[in-house]
Structure formats: C-alpha cells, structure tokens
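Read the structure below first, then the notes.
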Amino acid sequence: MADSKDFTAGIDSNAKKSPRRIVFITRRTSAQVKADTEDQIQTFPEVLFRAAVAIQVLAIALVWIALLFNAPLEGLADPSHTPTPAKAPWYFLGLQEMLHYFPPVVAGVLVPGLVVMALIVIPYFKVNIEAEGLFLKDRQRRLRIFYLIATALSVFLLFFKVYAALIPTLIMAGVMLLAAQSSPQSSSAFRRYLAARPLSYWVMTWFLFELVVLTAIGTFFRGPGWSWVWPWQGP
Amino acid sequence: MAITKTIDQYFDDLRETRVWRSIFRSGTGSSTLKRALAIQQNVFLHLFSTKVRTRLLSFSATWYLGTLTLGTFFILIATGIPLMLYYHPSAPQAYADTKDLQFVVSSGMFLRNLHRWSAHCMVFLVFAHMFKVFYRGAYRTPREFNWVIGVILLLMTLLLSYTGYLLPWDQLAYWAITVGSNIASAVPLMGNKIHFLLLGGNAVNANALLRFYVLHCMILPLAAMFFVAIHFWRIRKDGGLYSHSSEPAILRAKALTAETTAEEAQ
C-alpha cells in the first residue's frame with residue numbers, strides 16, 4: 001500500500017510541476033483487465049518451421065508438375081495470322097466470355113472496375129461487419145427487394161441471352177429463397193446455417209459462382225469463333 | 001558430465017562466436033525472450049508477430065494459403081532470375097531464346113516449366129486466399145486497410161502473370177496479349193491513349209515486349225515486395241491472424257454473459 005499522503009491533492013499542488021494521476025476506483029465501474037488466456041506459441045521456431053514445411057510441400061508438388069508437364073510453346077508470334085479462338089490467360093477467360101455477350105466498355109471496363117471497387121469497399125460497410133442473417137430482420141421488405149433485384153438481373157441476362165451467367169444466378173436465387181424460409185430454429189443444421197448468412201456472403205458467393213462458371217466455360221467449352229464445343233471434341 | 005558434445009552444443013558454440021554475434025543481434029539461447037528477440041531483432045522477421053495463437057496454426061484455420069502464396073512468389077523469383085540470364089527482350093530473338101531454353105540450355109525446360117506452373121499456381125492461390133479471408137470475416141476492423149492492400153496485391157499478381165505471358169513471344173503469347181490489351185481501348189475517352197501507353201504502339205510489337213519485360217522483371221516485382229511487406233507488417237499491427245472468438249467485441253460480450261450468470265447465481 002502506498003503512503004496515504006500520496007492521495008491528498010492540496011490546493012497549492014501544481015499540476016504543471018508535479019503531475020499526478022489520481023484514479024478513483026469503485027466496485028461497479030472497475031476497469032476490466034482481461035488477460036488473454038488463449039494459448040499462444042512462439043513464432044520462432046514453431047510457426048516459421050511450419051511455414052517452411054508448407055512451402056516445401058508446395059515446392060515439391062510444383063517440381064513434380066514441372067518435371068511431368070511442359071509449358072506450352074507455339075510458333076513464332078505472327079501478327080498476320082490470327083489463331084481461332086485467340087484466348088487470353090485462363091484467369092481472364094471469365095472476362096473474355098463476358099466480352100462475347102456485352103460491348104467491351106461494359107464487359108471489359110465497367111464490370112471489372114465495379115468488381116474491384118466492390119472488393120475494396122467490403123470492410124467499410126457496417127452491414128458487412130455486423131454480418132447478421134440477411135432475412136432475419138425486416139423480412140418482408142428485404143424479401144421484396146430481393147425479388148426485385150433477382151428478377152431484374154435474370155430478365156437482363158435472359159434478354160442478352162447470357163445463359164452461362166443466368167443459370168448460376170437462378171441457382172443462387174433458389175438457395176437464397178430457401179434461406180429466407182429458414183430460421184435459427186430450423187430443424188436441419190444446413191438451414192440454420194443458411195438463415196445466418198449475411199448479405200455480403202450471398203453477394204460474394206454469387207460472384208465466386210459466376211467467376212468459376214464463366215472461367216470454366218471460357219477455358220474448356222469455347223472453340224473456333226468462340227463457338228460452344230465440348231472438351232472431348234478437341235480443337 | 002558427458003565428454004562428447006551434442007550437435008546442439010556445437011551450434012550453441014557457433015552462435016556464441018564474435019562473428020555470429022556481430023551478424024545476428026538476438027544472440028544465443030532458447031528462452032522465450034531469446035526466441036522473441038529472434039523475430040523482433042531481424043529486419044525481415046520483425047514484420048511478423050513474436051507469438052501466434054496456437055489455434056490459428058491448425059490447417060483448417062487458414063489452409064496456409066497466404067504462406068503458400070509467398071512460397072510461389074519465392075519460387076518465381078528463384079526461377080525467374082536464371083531465366084533472365086538466357087533471355088533478350090527483343091523480337092524475334094525472344095522466341096529463339098525461349099526455344100533455346102526448351103532444347104539447348106541445361107535444365108532450361110525445367111526452369112521454364114517451374115516458372116510457368118508456379119505463376120498459374122500463384123494466381124489461383126491469391127484468389128483462394130482472398131475468398132478464404134472473406135469467408136472467415138478477417139477483413140473486419142482494424143484490418144480494413146490490409147484487405148485493401150490484399151486487393152492491390154491481387155491486381156499486381158494478375159499484372160505480373162499477364163506481363164510474363166507475352167515474354168515467350170509465340171502465337172499464344174502474342175494473341176493473348178492482343179485480346180487482353182484491346183480491352184484497354186474500350187475505356188471511355190482515353191482508351192486509345194492507355195492502349196498506346198501500355199504497348200508503346202498501336203499493336204503488340206517489339207516495344208510492347210520491352211515494356212512488358214521491364215514491368216515483369218523490375219517494376220512489378222519491386223512494387224509487389226513493397227506491398228507484401230506492408231501486408232505482413234499490418235497483420236502484426238492489427239493484432240495477429242484474425243480469430244472471430246478473440247475479437248474484442250466478442251470477448252466483451254462473453255465477459256458480460258459470464259458476469260450476468262455469476263450475479264444470477266448469487
């Protein structure tokens with residue numbers, strides 16, 4: 001215990017010359033010091049060792065792939081001879097598939113620009129931080145908005161005959177409807193899971209679904225003149 | 001006392017030498033303090049926290065996707081530098097060099113294969129990492145800006161891969177870049193200017209090859225390293241790997257529930 005004098009604040013005390021902090025602690029408002037009881041481990045050497053092992057396993061796998069499969073190399077670049085189809089690298093084939101349906105300013109500039117913007121702003125929206133089940137609150141209004149957006153998007157995709165993007169959209173809309181009919185009290189664990197999914201989950205999963213489907217179509221199902229071919233038909 | 005020394009003791013002796021001590025600031029010993037110093041006192045390792053929550057080391061927590069992405073980046077640097085030694089960024093010499101790598105240079109084929117497959121792997125891993133982080137909700141406060149840096153790194157990875165795609169100067173490379181760069185022309189108002197700036201001409205040509213080479217081997221890797229350093233450093237500054245149940249808000253809610261239950265019990 002400190003000397004009782006330490007707690008007196010006289011009239012002639014000068015805070016500028018001898019600053020003192022006095023803390024009054026009452027039982028109910030005591031500052032809670034929460035010791036982090038969670039088990040922690042030293043980064044050196046344990047975590048670094050694990051990281052090194054993970055990278056080693058990856059390196060071994062890639063070395064095997066490099067030994068077994070040769071990187072493609074075609075003839076010398078020839079500006080006067082266009083191969084058909086001329087394909088971008090695989091990670092841009094989703095974009096190229098979109099370019100098949102929409103003008104370049106939409107598929108090549110607007111959509112990727114919006115996707116990047118949407119990714120950047122995710123953590124700055126409170127709705128994404130709180131992450132409550134989409135249909136748990138204000139159900140009727142949110143369902144109406146959902147019907148409106150899902151219908152508008154589907155009609156738009158149908159109008160431009162973008163079946164490749166329409167089918168994943170309809171599947172996602174179906175799952176979301178199931179989520180709307182579910183609640184945290186549902187009997188099946190899957191429906192409880194769906195009920196708790198927030199808006200950002202649905203948007204991101206729809207995006208992931210479209211990305212995978214469009215990229216796969218562009219990679220495996222597009223032949224001469226960007227026509228539909230089956231993978232086993234060959235070039 | 002045993003007369004023979006164990007290997008560990010030899011290592012300890014080595015780490016006691018003046019030369020070793022002059023290089024590594026952390027010194028010797030395996031106490032918790034020394035292990036913490038080994039991270040803290042190293043210019044590269046100090047980007048990381050000295051401690052990690054044990055639970056987050058499990059494979060299911062992160063799938064090690066960030067670590068593996070860094071691994072592919074290392075492989076790409078290690079294979080990219082030797083590839084540069086055999087490569088001239090001029091048309092059509094670039095194609096002949098690539099052919100030489102395939103058929104003349106010792107292990108050239110292996111180097112090129114490893115570089116290419118690792119590049120594809122890195123693009124895939126970066127996407128996977130992003131989705132995993134999203135579904136874990138690890139973009140939450142105070143990690144917002146690290147998520148933004150992650151998006152920048154995603155774009156950089158795509159650009160790195162895309163600029164490298166042109167370098168073999170074969171038909172595949174030429175037309176893939178032609179298709180991709182034509183999209184730049186679609187930008188309203190200044191599309192053609194951007195297209196020209198990117199390629200150094202109105203079509204993919206020798207200037208474009210040189211530009212893509214400089215971007216691929218110099219500008220983009222340096223920029224990526226810069227952002228990777230910030231990305232890692234921010235993980236530490238923002239409180240380590242994200243874990244939902246260790247969030248302050250969650251902990252507070254838990255403490256509150258515990259208090260209420262305790263009061264009810266009284």
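If you're wondering about the labels, chains in the structure tokens are A, B, ... by order shown, residues count from 1 in each chain, ligands from 1 in order shown.
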
Out of segment 24-106 of chain B, which residues get alpha helix (DSSP H) from DSSP, as number ranges by chain? B: 32-40, 59-62, 65-85, 93-103

Produce a file of the selected residues containing N, CA and C atoms, as a short mmCIF file (atom, residue, chain, number, x, y, z; two decimals), in the first residue's frame.
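Once everything was written out, this is again_6.cif:
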data_model
loop_
_atom_site.label_atom_id
_atom_site.label_comp_id
_atom_site.auth_asym_id
_atom_site.auth_seq_id
_atom_site.Cartn_x
_atom_site.Cartn_y
_atom_site.Cartn_z
N THR B 32 12.27 -18.05 -23.88
CA THR B 32 11.17 -17.36 -24.56
C THR B 32 11.61 -15.97 -25.01
N LEU B 33 12.38 -15.30 -24.15
CA LEU B 33 12.86 -13.97 -24.51
C LEU B 33 13.71 -14.02 -25.76
N LYS B 34 14.67 -14.97 -25.78
CA LYS B 34 15.57 -15.04 -26.94
C LYS B 34 14.81 -15.40 -28.20
N ARG B 35 13.80 -16.23 -28.06
CA ARG B 35 13.01 -16.61 -29.23
C ARG B 35 12.19 -15.41 -29.73
N ALA B 36 11.72 -14.62 -28.81
CA ALA B 36 11.00 -13.41 -29.20
C ALA B 36 11.97 -12.45 -29.90
N LEU B 37 13.19 -12.35 -29.34
CA LEU B 37 14.17 -11.44 -29.93
C LEU B 37 14.57 -11.89 -31.33
N ALA B 38 14.60 -13.21 -31.54
CA ALA B 38 14.98 -13.73 -32.86
C ALA B 38 14.05 -13.18 -33.94
N ILE B 39 12.79 -12.95 -33.57
CA ILE B 39 11.83 -12.37 -34.52
C ILE B 39 11.98 -10.85 -34.53
N GLN B 40 12.01 -10.30 -33.32
CA GLN B 40 11.95 -8.85 -33.18
C GLN B 40 13.19 -8.14 -33.72
N PHE B 59 -4.47 -26.41 -39.74
CA PHE B 59 -4.60 -26.25 -41.19
C PHE B 59 -5.95 -25.63 -41.55
N SER B 60 -7.00 -26.03 -40.86
CA SER B 60 -8.33 -25.58 -41.25
C SER B 60 -8.52 -24.07 -41.02
N ALA B 61 -7.72 -23.47 -40.13
CA ALA B 61 -7.92 -22.05 -39.82
C ALA B 61 -7.62 -21.17 -41.03
N THR B 62 -6.53 -21.44 -41.72
CA THR B 62 -6.14 -20.57 -42.83
C THR B 62 -5.87 -21.34 -44.13
N LEU B 65 -2.95 -20.55 -46.93
CA LEU B 65 -2.99 -20.02 -48.30
C LEU B 65 -2.06 -18.82 -48.48
N GLY B 66 -1.99 -17.95 -47.46
CA GLY B 66 -1.08 -16.81 -47.56
C GLY B 66 0.37 -17.27 -47.61
N THR B 67 0.71 -18.19 -46.72
CA THR B 67 2.07 -18.73 -46.69
C THR B 67 2.43 -19.37 -48.03
N LEU B 68 1.48 -20.15 -48.58
CA LEU B 68 1.77 -20.83 -49.84
C LEU B 68 1.92 -19.83 -50.98
N THR B 69 1.12 -18.75 -50.93
CA THR B 69 1.27 -17.72 -51.97
C THR B 69 2.67 -17.13 -51.91
N LEU B 70 3.14 -16.86 -50.69
CA LEU B 70 4.51 -16.36 -50.54
C LEU B 70 5.50 -17.39 -51.09
N GLY B 71 5.22 -18.67 -50.85
CA GLY B 71 6.08 -19.74 -51.36
C GLY B 71 6.19 -19.70 -52.88
N THR B 72 5.05 -19.53 -53.57
CA THR B 72 5.10 -19.47 -55.04
C THR B 72 5.89 -18.23 -55.48
N PHE B 73 5.74 -17.14 -54.71
CA PHE B 73 6.47 -15.91 -55.05
C PHE B 73 7.99 -16.17 -54.96
N PHE B 74 8.42 -16.87 -53.91
CA PHE B 74 9.84 -17.23 -53.77
C PHE B 74 10.30 -18.08 -54.96
N ILE B 75 9.50 -19.08 -55.29
CA ILE B 75 9.87 -19.97 -56.40
C ILE B 75 9.99 -19.16 -57.69
N LEU B 76 9.06 -18.21 -57.87
CA LEU B 76 9.06 -17.43 -59.11
C LEU B 76 10.30 -16.53 -59.19
N ILE B 77 10.75 -16.00 -58.05
CA ILE B 77 11.98 -15.20 -58.07
C ILE B 77 13.18 -16.11 -58.34
N ALA B 78 13.19 -17.26 -57.66
CA ALA B 78 14.33 -18.16 -57.79
C ALA B 78 14.45 -18.71 -59.21
N THR B 79 13.34 -18.94 -59.91
CA THR B 79 13.42 -19.44 -61.28
C THR B 79 13.49 -18.30 -62.28
N GLY B 80 12.91 -17.16 -61.92
CA GLY B 80 12.86 -16.02 -62.85
C GLY B 80 14.23 -15.43 -63.12
N ILE B 81 15.07 -15.35 -62.07
CA ILE B 81 16.39 -14.73 -62.26
C ILE B 81 17.25 -15.55 -63.23
N PRO B 82 17.39 -16.88 -63.04
CA PRO B 82 18.15 -17.64 -64.04
C PRO B 82 17.53 -17.54 -65.43
N LEU B 83 16.21 -17.48 -65.53
CA LEU B 83 15.59 -17.36 -66.86
C LEU B 83 16.01 -16.04 -67.53
N MET B 84 16.14 -14.99 -66.74
CA MET B 84 16.54 -13.70 -67.30
C MET B 84 17.92 -13.77 -67.94
N LEU B 85 18.78 -14.67 -67.39
CA LEU B 85 20.15 -14.75 -67.91
C LEU B 85 20.19 -15.26 -69.34
N GLN B 93 14.12 -12.29 -81.31
CA GLN B 93 15.14 -13.01 -80.54
C GLN B 93 14.53 -13.68 -79.32
N ALA B 94 13.52 -13.05 -78.71
CA ALA B 94 12.89 -13.60 -77.50
C ALA B 94 12.38 -15.01 -77.75
N TYR B 95 11.81 -15.22 -78.92
CA TYR B 95 11.26 -16.54 -79.23
C TYR B 95 12.39 -17.56 -79.37
N ALA B 96 13.48 -17.14 -80.04
CA ALA B 96 14.63 -18.04 -80.20
C ALA B 96 15.22 -18.40 -78.83
N ASP B 97 15.28 -17.41 -77.94
CA ASP B 97 15.79 -17.67 -76.58
C ASP B 97 14.91 -18.67 -75.85
N THR B 98 13.58 -18.52 -76.03
CA THR B 98 12.67 -19.46 -75.37
C THR B 98 12.87 -20.87 -75.92
N LYS B 99 13.06 -20.94 -77.25
CA LYS B 99 13.34 -22.25 -77.88
C LYS B 99 14.64 -22.83 -77.30
N ASP B 100 15.65 -21.97 -77.16
CA ASP B 100 16.92 -22.43 -76.59
C ASP B 100 16.73 -22.95 -75.17
N LEU B 101 15.90 -22.25 -74.41
CA LEU B 101 15.61 -22.71 -73.05
C LEU B 101 14.99 -24.10 -73.09
N GLN B 102 14.16 -24.34 -74.08
CA GLN B 102 13.49 -25.63 -74.18
C GLN B 102 14.48 -26.73 -74.60
N PHE B 103 15.40 -26.42 -75.50
CA PHE B 103 16.17 -27.50 -76.13
C PHE B 103 17.68 -27.42 -75.94
#

Using only C-alpha atoms, find which residues of chain A lie within 8 Å of chain B and jot them down as a VMD selection string. chain A and resid 38 to 45 47 51 54 to 55 58 to 59 62 to 63 65 to 67 69 to 71 73 to 79 82 to 83 86 to 89 91 104 to 105 108 to 109 116 119 to 120 122 to 124 129 201

Here atom CA of Arg222 of chain A and atom CA of Glu97 of chain A stand apart by 8.8 Å

Identify which of the residues A:Leu143, A:Ala173, A:Val229, A:Leu208 lies closest to Gly94 of chain A, counting only C-alpha atoms when measuring atom-to-atom distances.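 Of A:Leu143, A:Ala173, A:Val229, A:Leu208, the one nearest Gly94 of chain A is A:Leu208, counting only C-alpha atoms.
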
Of the candidates A:Met117, A:Trp206, A:Leu177, A:Ala61, which one gets nearest to Arg142 of chain A if we count only C-alpha atoms?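 So, comparing all the options, the nearest one is A:Leu177.
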
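With atom CA of Ile219 of chain B on one side and atom CA of Met156 of chain B on the other, the separation reads 10.5 Å.
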
Between atom CA of Gln96 of chain A and atom CA of Leu197 of chain B, what is the distance, to one decimal in Å? 22.0 Å

Which of these residues is nearest to Leu157 of chain A, using only C-alpha atoms: A:Ser200, A:Thr215, A:Thr169, A:Ser188? A:Thr169

May I have the residues within 12 Å of segment 8-11 of chain B as a ChimeraX atom specification, using only C-alpha atoms and disregarding those fewer than 6 positions away in the same chain? /B:2,17,20,28-30

How about saving the chosen residues, C-alpha atoms kept, as a compact mmCIF listing (two decimals), in the first residue's frame?
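Resulting contents of part.txt:
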# COMPACT_ATOMS: atom_id res chain seq x y z
CA ALA B 2 29.45 -36.16 -20.76
CA THR B 17 31.29 -16.62 -31.63
CA TRP B 20 27.87 -14.69 -35.34
CA THR B 28 22.01 -17.14 -28.35
CA GLY B 29 19.79 -19.18 -26.12
CA SER B 30 16.38 -20.75 -26.43

Quick one: residues within 10 Å of Gln185 of chain A, only C-alpha atoms counted, chain neighbours fewer than 5 positions away excluded, as a list in words?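 Skipping anything fewer than 5 positions along the chain leaves Arg191, Arg192 and Ala195 of chain A.
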